[in-house]
$ cat input.cif   # mmCIF, C-alpha atoms
data_work
#
loop_
_atom_site.label_atom_id
_atom_site.label_comp_id
_atom_site.auth_asym_id
_atom_site.auth_seq_id
_atom_site.Cartn_x
_atom_site.Cartn_y
_atom_site.Cartn_z
CA MET A 691 98.08 -144.98 1.82
CA SER A 692 101.45 -146.41 0.86
CA SER A 693 102.86 -149.31 2.82
CA GLN A 694 105.90 -148.91 5.03
CA PRO A 695 109.25 -149.51 3.31
CA THR A 696 111.06 -152.74 4.07
CA SER A 697 113.47 -152.21 6.96
CA VAL A 698 117.04 -153.53 6.72
CA LEU A 699 119.79 -153.63 9.32
CA VAL A 700 123.22 -153.62 7.65
CA VAL A 701 125.86 -155.19 9.88
CA ASP A 702 129.48 -154.80 8.80
CA ASP A 703 132.66 -153.64 10.51
CA GLU A 704 133.90 -151.90 7.34
CA PHE A 705 132.73 -148.29 7.45
CA VAL A 706 133.05 -147.62 3.72
CA LEU A 707 131.12 -150.74 2.68
CA ARG A 708 128.46 -150.15 5.31
CA LYS A 709 127.83 -146.60 4.11
CA ALA A 710 127.82 -147.67 0.45
CA LEU A 711 125.24 -150.38 1.18
CA ARG A 712 123.11 -147.95 3.15
CA LYS A 713 123.09 -145.43 0.31
CA SER A 714 122.40 -148.04 -2.39
CA LEU A 715 119.66 -149.87 -0.50
CA ALA A 716 117.97 -146.61 0.49
CA ALA A 717 117.96 -145.60 -3.17
CA SER A 718 116.24 -148.92 -3.91
CA GLY A 719 113.43 -148.13 -1.48
CA PHE A 720 114.60 -149.82 1.72
CA ALA A 721 114.65 -148.17 5.15
CA VAL A 722 118.21 -148.80 6.33
CA GLU A 723 119.97 -148.74 9.69
CA GLU A 724 123.53 -149.76 10.50
CA ALA A 725 125.46 -151.72 13.08
CA ARG A 726 129.25 -151.88 13.29
CA ASN A 727 129.53 -155.40 14.71
CA GLY A 728 127.62 -158.37 16.05
CA GLU A 729 127.26 -156.97 19.56
CA GLU A 730 125.77 -153.72 18.29
CA ALA A 731 123.46 -155.61 15.94
CA LEU A 732 122.07 -157.69 18.81
CA SER A 733 121.48 -154.55 20.87
CA VAL A 734 119.64 -152.84 17.99
CA VAL A 735 117.51 -155.93 17.21
CA ARG A 736 116.47 -156.15 20.87
CA GLN A 737 115.20 -152.57 20.69
CA HIS A 738 113.00 -152.91 17.62
CA PRO A 739 112.31 -155.44 14.85
CA PHE A 740 113.59 -155.41 11.28
CA ASP A 741 112.23 -157.09 8.19
CA LEU A 742 115.76 -158.03 7.10
CA VAL A 743 119.31 -158.23 8.45
CA LEU A 744 122.27 -158.12 6.07
CA LEU A 745 125.04 -159.69 8.12
CA ASP A 746 128.76 -159.91 7.34
CA VAL A 747 130.36 -163.22 8.33
CA ASN A 748 133.86 -162.00 9.21
CA MET A 749 133.71 -159.50 12.07
CA PRO A 750 135.75 -159.15 15.25
CA GLY A 751 134.12 -160.03 18.55
CA VAL A 752 130.77 -161.72 18.02
CA GLY A 753 131.23 -163.11 14.51
CA GLY A 754 128.58 -163.29 11.85
CA MET A 755 127.61 -166.91 12.44
CA GLU A 756 127.16 -166.44 16.19
CA ALA A 757 125.27 -163.20 15.64
CA CYS A 758 123.03 -164.98 13.12
CA ARG A 759 122.10 -167.69 15.63
CA LYS A 760 121.33 -165.12 18.32
CA ILE A 761 119.33 -162.85 16.00
CA ARG A 762 117.34 -165.86 14.80
CA GLY A 763 116.48 -166.61 18.44
CA LEU A 764 115.48 -163.00 19.11
CA ALA A 765 113.57 -162.46 15.84
CA PRO A 766 112.38 -165.74 14.28
CA GLN A 767 110.49 -163.98 11.45
CA THR A 768 113.32 -161.65 10.40
CA GLY A 769 114.98 -162.49 7.10
CA ILE A 770 118.75 -162.89 7.39
CA VAL A 771 121.21 -162.73 4.50
CA MET A 772 124.84 -163.59 5.24
CA VAL A 773 127.60 -161.81 3.33
CA THR A 774 130.72 -163.93 2.88
CA VAL A 775 133.95 -163.91 0.91
CA ARG A 776 134.16 -167.70 1.13
CA ASP A 777 132.45 -169.32 -1.85
CA THR A 778 132.70 -172.82 -0.41
CA GLU A 779 130.32 -175.59 0.53
CA ASP A 780 131.18 -175.41 4.23
CA ALA A 781 130.64 -171.65 4.41
CA LYS A 782 127.26 -171.78 2.72
CA VAL A 783 125.96 -174.77 4.66
CA GLU A 784 127.20 -173.23 7.93
CA ALA A 785 125.31 -170.02 7.15
CA LEU A 786 122.06 -171.88 6.46
CA GLU A 787 122.45 -174.05 9.54
CA ALA A 788 123.05 -170.94 11.66
CA GLY A 789 119.59 -169.74 10.61
CA ALA A 790 120.30 -167.60 7.55
CA ASP A 791 117.68 -167.46 4.82
CA ASP A 792 120.23 -166.82 2.10
CA TYR A 793 123.83 -165.82 1.50
CA ILE A 794 125.69 -163.72 -1.02
CA THR A 795 129.37 -163.78 -1.88
CA LYS A 796 131.56 -160.69 -2.19
CA PRO A 797 131.89 -159.01 -4.60
CA PHE A 798 128.23 -158.84 -5.59
CA LEU A 799 125.97 -156.69 -7.74
CA LEU A 800 123.36 -154.49 -6.08
CA ARG A 801 120.66 -155.96 -8.34
CA GLU A 802 121.47 -159.47 -7.13
CA LEU A 803 121.42 -158.38 -3.49
CA THR A 804 118.10 -156.53 -3.71
CA ALA A 805 116.53 -159.44 -5.60
CA ARG A 806 117.50 -161.84 -2.82
CA LEU A 807 116.29 -159.47 -0.12
CA ARG A 808 112.92 -159.01 -1.83
CA ALA A 809 112.55 -162.76 -2.39
CA ILE A 810 112.95 -163.32 1.35
CA VAL A 811 110.40 -160.62 2.18
CA ARG A 812 107.86 -162.18 -0.19
CA ARG A 813 108.46 -165.60 1.31
CA THR A 814 108.10 -164.26 4.86
CA HIS A 815 104.82 -162.55 3.99
CA ALA A 816 103.62 -165.72 2.28
CA LEU A 817 104.23 -167.69 5.47
CA ASP A 818 101.89 -165.32 7.34
CA ALA A 819 99.15 -165.54 4.70
CA PRO A 820 96.74 -168.42 4.10
CA LYS A 821 98.26 -171.09 1.86
CA PRO A 822 97.14 -170.40 -1.73
CA ALA A 823 95.18 -173.10 -3.50
CA LEU A 824 97.08 -172.34 -6.71
CA LEU A 825 100.83 -171.95 -7.16
CA MET A 826 102.03 -170.42 -10.42
CA ALA A 827 105.49 -169.99 -11.92
CA GLY A 828 106.16 -169.42 -15.59
CA GLU A 829 104.34 -172.16 -17.52
CA LEU A 830 103.61 -174.14 -14.34
CA GLU A 831 100.37 -174.13 -12.38
CA ILE A 832 99.80 -176.34 -9.33
CA ASP A 833 96.39 -176.96 -7.81
CA VAL A 834 97.53 -177.89 -4.31
CA GLU A 835 94.19 -179.17 -3.03
CA ARG A 836 93.56 -181.41 -6.05
CA ASN A 837 97.19 -182.56 -6.43
CA LEU A 838 97.29 -181.42 -10.06
CA LEU A 839 100.14 -179.94 -12.07
CA ARG A 840 99.66 -178.27 -15.43
CA ARG A 841 102.39 -177.07 -17.74
CA SER A 842 101.18 -174.65 -20.42
CA GLY A 843 97.66 -175.79 -19.58
CA GLN A 844 98.42 -179.49 -20.10
CA PRO A 845 98.24 -181.91 -17.16
CA VAL A 846 101.51 -183.46 -16.02
CA HIS A 847 101.49 -186.63 -13.93
CA LEU A 848 103.65 -186.54 -10.81
CA ALA A 849 104.22 -189.24 -8.24
CA PRO A 850 103.12 -188.18 -4.71
CA LYS A 851 106.63 -187.35 -3.49
CA GLU A 852 107.47 -185.55 -6.73
CA PHE A 853 104.38 -183.41 -6.16
CA GLU A 854 105.27 -182.70 -2.53
CA LEU A 855 108.83 -181.80 -3.48
CA LEU A 856 107.75 -179.41 -6.23
CA VAL A 857 105.15 -177.74 -3.99
CA PHE A 858 107.71 -177.21 -1.25
CA MET A 859 110.23 -175.75 -3.67
CA MET A 860 107.67 -173.43 -5.28
CA GLN A 861 106.51 -172.23 -1.86
CA ASN A 862 110.14 -171.35 -1.11
CA ALA A 863 110.95 -169.86 -4.52
CA GLY A 864 114.04 -167.71 -4.70
CA VAL A 865 115.82 -168.97 -1.59
CA PRO A 866 118.48 -171.69 -1.31
CA LEU A 867 117.25 -175.05 -0.11
CA ALA A 868 119.89 -177.27 1.43
CA ARG A 869 119.68 -180.95 0.55
CA ALA A 870 119.15 -181.98 4.18
CA ARG A 871 116.32 -179.48 4.58
CA LEU A 872 114.56 -180.73 1.46
CA LEU A 873 114.85 -184.35 2.54
CA ARG A 874 113.64 -183.73 6.08
CA SER A 875 110.82 -181.40 5.02
CA VAL A 876 109.42 -183.68 2.30
CA TRP A 877 110.36 -187.19 3.44
CA GLY A 878 110.67 -186.81 7.22
CA LEU A 879 113.07 -186.01 10.04
CA GLU A 880 114.77 -189.40 9.81
CA TYR A 881 116.04 -188.45 6.36
CA GLY A 882 118.83 -185.97 5.65
CA ASN A 883 121.77 -187.90 4.25
CA GLU A 884 120.12 -189.57 1.24
CA VAL A 885 121.63 -187.16 -1.26
CA GLU A 886 121.47 -189.51 -4.26
CA TYR A 887 117.82 -190.19 -3.45
CA LEU A 888 117.05 -186.47 -3.68
CA ARG A 889 119.08 -186.09 -6.88
CA SER A 890 117.03 -188.86 -8.49
CA TYR A 891 113.77 -187.09 -7.67
CA VAL A 892 115.08 -183.75 -8.93
CA LYS A 893 116.19 -185.43 -12.14
CA MET A 894 112.72 -186.93 -12.63
CA LEU A 895 111.04 -183.59 -11.90
CA ARG A 896 113.24 -181.77 -14.38
CA LYS A 897 112.27 -184.25 -17.09
CA LYS A 898 108.62 -183.40 -16.48
CA ILE A 899 108.69 -179.62 -16.03
CA GLU A 900 111.74 -178.29 -17.90
CA ARG A 901 111.84 -177.62 -21.63
CA ASP A 902 115.41 -178.95 -21.63
CA PRO A 903 116.22 -180.94 -18.46
CA SER A 904 119.94 -180.54 -19.13
CA ARG A 905 119.52 -176.73 -19.04
CA PRO A 906 116.95 -176.19 -16.28
CA GLU A 907 115.11 -172.90 -15.91
CA TYR A 908 113.04 -173.74 -12.81
CA ILE A 909 115.01 -176.05 -10.52
CA LEU A 910 118.50 -174.58 -10.41
CA THR A 911 121.41 -176.32 -8.74
CA GLU A 912 122.84 -174.30 -5.86
CA PRO A 913 126.52 -175.33 -5.98
CA TRP A 914 127.56 -177.56 -3.08
CA VAL A 915 124.39 -176.80 -1.11
CA GLY A 916 121.25 -178.03 -2.85
CA TYR A 917 118.72 -176.30 -5.08
CA ARG A 918 116.95 -172.98 -5.64
CA PHE A 919 113.55 -172.77 -7.36
CA ARG A 920 113.42 -170.01 -9.95
CA ASN A 921 110.11 -168.43 -10.86
CA PRO A 922 110.46 -166.95 -14.38
CA SER A 923 107.43 -164.74 -13.72
CA ASP A 924 109.22 -163.00 -10.86
CA PRO A 925 110.84 -159.74 -12.08
CA ASP A 926 113.61 -160.27 -9.52
CA ALA A 927 114.30 -163.86 -10.58
CA PRO A 928 117.95 -164.59 -11.28
CA PRO A 929 118.88 -165.08 -14.94
CA VAL A 930 119.07 -168.60 -16.30
CA PRO A 931 122.66 -169.80 -15.88
CA ASP A 932 124.92 -169.69 -18.92
CA TYR A 933 125.25 -173.43 -19.38
CA ASP A 934 127.74 -172.95 -22.20
CA ALA A 935 130.14 -171.01 -19.99
#

$ encode --input "input.cif" --output "structure tokens"
Amino acid sequence: MSSQPTSVLVVDDEFVLRKALRKSLAASGFAVEEARNGEEALSVVRQHPFDLVLLDVNMPGVGGMEACRKIRGLAPQTGIVMVTVRDTEDAKVEALEAGADDYITKPFLLRELTARLRAIVRRTHALDAPKPALLMAGELEIDVERNLLRRSGQPVHLAPKEFELLVFMMQNAGVPLARARLLRSVWGLEYGNEVEYLRSYVKMLRKKIERDPSRPEYILTEPWVGYRFRNPSDPDAPPVPDYDA
């Protein structure tokens, strides 16, 4: 028996965009419902759960950020992607702090949107499953229980915090990880502002796992926000950035 399709609630006050997203996502295999604004979205989420909510930031009444916070309180396990026209540090950090799992900037390609939605679903399902003893991505293989990293079958020595950082990033592959979240998750709640500290560890990790640390394929910089771990084995993984552009 086939599994149920992933359910998505599309929240946008623009009728044309909402209908276009519904048609495109349905064609990609999602079960889609719509809401015209934040108030309607909250009412729908209270009635039944969704796997994902695609939420526009700029809406009249209950705005996207406020709706995100309230939806996160109502449905802690639901994946939330914010849609914004503001490609700025403040907008992205605000979305993550409001409880969003990811964000996407208009205009966007359908392939990019569906890849991000599916990455969140995989991560959500992974949180419900027992933690795997092995993590694999491209040429990398981590034995979590034995604290071992292999690249192309060869052991790679990592310091304890380097190992913890890489494990955390691989477990959250495909989603943006704000610098403060990385610091607090790996080093402790008293951390959060030691940005240069985190950059130093990322630099050391890239030297050990990337073919060319200056052109990383695994640990990608998420502009203004932090980092995003890319799994080359994932068919929905984003392309490697064009570093010559």

$ resolve_selection --input "input.cif" --expression "the PyMOL selection byres ((chain A and resi 846) around 12)" --output "list in words"
Glu829, Leu830, Glu831, Ile832, Asp833, Asn837, Leu838, Leu839, Arg840, Arg841, Ser842, Gly843, Gln844, Pro845, His847, Leu848, Ala849, Glu852, Phe853, Leu895, Arg896, Lys897, Lys898, Ile899 and Glu900 of chain A

$ write_last_selection --input "input.cif" --atoms "C-alpha atoms" --output "short mmCIF file (atom, residue, chain, number, x, y, z; two decimals), in the coordinates of the input"
data_model
loop_
_atom_site.label_atom_id
_atom_site.label_comp_id
_atom_site.auth_asym_id
_atom_site.auth_seq_id
_atom_site.Cartn_x
_atom_site.Cartn_y
_atom_site.Cartn_z
CA GLU A 829 104.34 -172.16 -17.52
CA LEU A 830 103.61 -174.14 -14.34
CA GLU A 831 100.37 -174.13 -12.38
CA ILE A 832 99.80 -176.34 -9.33
CA ASP A 833 96.39 -176.96 -7.81
CA ASN A 837 97.19 -182.56 -6.43
CA LEU A 838 97.29 -181.42 -10.06
CA LEU A 839 100.14 -179.94 -12.07
CA ARG A 840 99.66 -178.27 -15.43
CA ARG A 841 102.39 -177.07 -17.74
CA SER A 842 101.18 -174.65 -20.42
CA GLY A 843 97.66 -175.79 -19.58
CA GLN A 844 98.42 -179.49 -20.10
CA PRO A 845 98.24 -181.91 -17.16
CA HIS A 847 101.49 -186.63 -13.93
CA LEU A 848 103.65 -186.54 -10.81
CA ALA A 849 104.22 -189.24 -8.24
CA GLU A 852 107.47 -185.55 -6.73
CA PHE A 853 104.38 -183.41 -6.16
CA LEU A 895 111.04 -183.59 -11.90
CA ARG A 896 113.24 -181.77 -14.38
CA LYS A 897 112.27 -184.25 -17.09
CA LYS A 898 108.62 -183.40 -16.48
CA ILE A 899 108.69 -179.62 -16.03
CA GLU A 900 111.74 -178.29 -17.90
#

$ closest_residue --input "input.cif" --among "A:Gly878, A:Ala823, A:Leu715, A:Arg905" --to "Ala805 of chain A" --atoms "only C-alpha atoms"
A:Leu715

$ closest_residue --input "input.cif" --among "A:Val775, A:Ala870, A:Val834, A:Leu888" --to "Asp746 of chain A" --atoms "all atoms listed in the file"
A:Val775

$ closest_residue --input "input.cif" --among "A:Ala790, A:Val857, A:Val734, A:Val773" --to "Arg708 of chain A" --atoms "all atoms listed in the file"
A:Val773

$ residues_around --input "input.cif" --residues "Val700 of chain A" --least-positions-apart "5" --cutoff "8 Å" --atoms "only C-alpha atoms" --output "ChimeraX atom specification"
/A:708,711-712,722-725,743-745

$ resolve_selection --input "input.cif" --expression "the PyMOL selection byres ((chain A and resi 927) around 10)" --output "list in words"
Glu802, Ala805, Arg806, Ala809, Ala863, Gly864, Phe919, Arg920, Asn921, Pro922, Ser923, Asp924, Pro925, Asp926, Pro928, Pro929 and Val930 of chain A

$ residues_near_point --input "input.cif" --point "(114.0, -162.1, 9.3)" --cutoff "10 Å" --atoms "only C-alpha atoms" --output "PyMOL selection string"
chain A and resi 698+739-744+761-762+764-771+789-791+810-811+814

$ write_last_selection --input "input.cif" --atoms "C-alpha atoms" --output "PDB file, in the frame of the given file"
ATOM      1  CA  VAL A 698     117.040-153.530   6.720  1.00  0.00           C
ATOM      2  CA  PRO A 739     112.310-155.440  14.850  1.00  0.00           C
ATOM      3  CA  PHE A 740     113.590-155.410  11.280  1.00  0.00           C
ATOM      4  CA  ASP A 741     112.230-157.090   8.190  1.00  0.00           C
ATOM      5  CA  LEU A 742     115.760-158.030   7.100  1.00  0.00           C
ATOM      6  CA  VAL A 743     119.310-158.230   8.450  1.00  0.00           C
ATOM      7  CA  LEU A 744     122.270-158.120   6.070  1.00  0.00           C
ATOM      8  CA  ILE A 761     119.330-162.850  16.000  1.00  0.00           C
ATOM      9  CA  ARG A 762     117.340-165.860  14.800  1.00  0.00           C
ATOM     10  CA  LEU A 764     115.480-163.000  19.110  1.00  0.00           C
ATOM     11  CA  ALA A 765     113.570-162.460  15.840  1.00  0.00           C
ATOM     12  CA  PRO A 766     112.380-165.740  14.280  1.00  0.00           C
ATOM     13  CA  GLN A 767     110.490-163.980  11.450  1.00  0.00           C
ATOM     14  CA  THR A 768     113.320-161.650  10.400  1.00  0.00           C
ATOM     15  CA  GLY A 769     114.980-162.490   7.100  1.00  0.00           C
ATOM     16  CA  ILE A 770     118.750-162.890   7.390  1.00  0.00           C
ATOM     17  CA  VAL A 771     121.210-162.730   4.500  1.00  0.00           C
ATOM     18  CA  GLY A 789     119.590-169.740  10.610  1.00  0.00           C
ATOM     19  CA  ALA A 790     120.300-167.600   7.550  1.00  0.00           C
ATOM     20  CA  ASP A 791     117.680-167.460   4.820  1.00  0.00           C
ATOM     21  CA  ILE A 810     112.950-163.320   1.350  1.00  0.00           C
ATOM     22  CA  VAL A 811     110.400-160.620   2.180  1.00  0.00           C
ATOM     23  CA  THR A 814     108.100-164.260   4.860  1.00  0.00           C
TER      24      THR A 814
END

$ residues_around --input "input.cif" --residues "Pro866 of chain A" --least-positions-apart "5" --cutoff "8 Å" --atoms "only C-alpha atoms" --output "ChimeraX atom specification"
/A:791-792,912,915-919

$ decode --input "input.cif" --residues "segment 830-885 of chain A" --atoms "C-alpha atoms" --output "compact mmCIF listing (two decimals), in the first residue's frame"
# COMPACT_ATOMS: atom_id res chain seq x y z
CA LEU A 830 31.73 10.83 4.22
CA GLU A 831 30.75 8.14 6.69
CA ILE A 832 30.41 8.79 10.42
CA ASP A 833 30.20 6.03 13.01
CA VAL A 834 28.44 8.00 15.74
CA GLU A 835 28.88 5.46 18.54
CA ARG A 836 32.61 4.99 17.92
CA ASN A 837 33.34 8.67 17.16
CA LEU A 838 34.90 7.78 13.80
CA LEU A 839 34.85 9.67 10.51
CA ARG A 840 35.92 8.14 7.23
CA ARG A 841 36.28 9.93 3.93
CA SER A 842 36.41 7.62 0.92
CA GLY A 843 37.06 4.79 3.37
CA GLN A 844 40.05 6.49 4.99
CA PRO A 845 39.90 7.55 8.65
CA VAL A 846 39.94 11.28 9.36
CA HIS A 847 40.90 12.56 12.80
CA LEU A 848 38.53 15.12 14.30
CA ALA A 849 38.74 16.90 17.61
CA PRO A 850 35.73 16.18 19.89
CA LYS A 851 33.94 19.46 19.12
CA GLU A 852 34.68 19.15 15.41
CA PHE A 853 33.04 15.72 15.53
CA GLU A 854 30.00 17.00 17.43
CA LEU A 855 29.60 19.91 15.04
CA LEU A 856 29.79 17.71 11.95
CA VAL A 857 27.33 15.17 13.40
CA PHE A 858 24.85 17.92 14.23
CA MET A 859 25.13 19.43 10.77
CA MET A 860 24.75 16.06 9.02
CA GLN A 861 21.70 15.22 11.15
CA ASN A 862 20.18 18.51 9.97
CA ALA A 863 21.26 18.23 6.34
CA GLY A 864 19.48 20.47 3.89
CA VAL A 865 18.15 23.07 6.33
CA PRO A 866 19.70 26.41 7.31
CA LEU A 867 21.51 26.45 10.63
CA ALA A 868 21.84 29.85 12.24
CA ARG A 869 25.17 30.57 13.90
CA ALA A 870 23.57 31.02 17.33
CA ARG A 871 21.75 27.70 17.02
CA LEU A 872 24.93 25.86 16.10
CA LEU A 873 26.86 27.38 18.99
CA ARG A 874 24.17 26.69 21.57
CA SER A 875 23.44 23.17 20.30
CA VAL A 876 27.08 22.04 20.18
CA TRP A 877 28.82 24.15 22.83
CA GLY A 878 25.99 25.00 25.23
CA LEU A 879 23.26 27.52 26.01
CA GLU A 880 25.75 30.07 27.35
CA TYR A 881 27.22 30.38 23.85
CA GLY A 882 25.57 32.14 20.93
CA ASN A 883 27.62 35.22 20.13
CA GLU A 884 31.03 33.63 19.50
CA VAL A 885 30.76 33.90 15.73
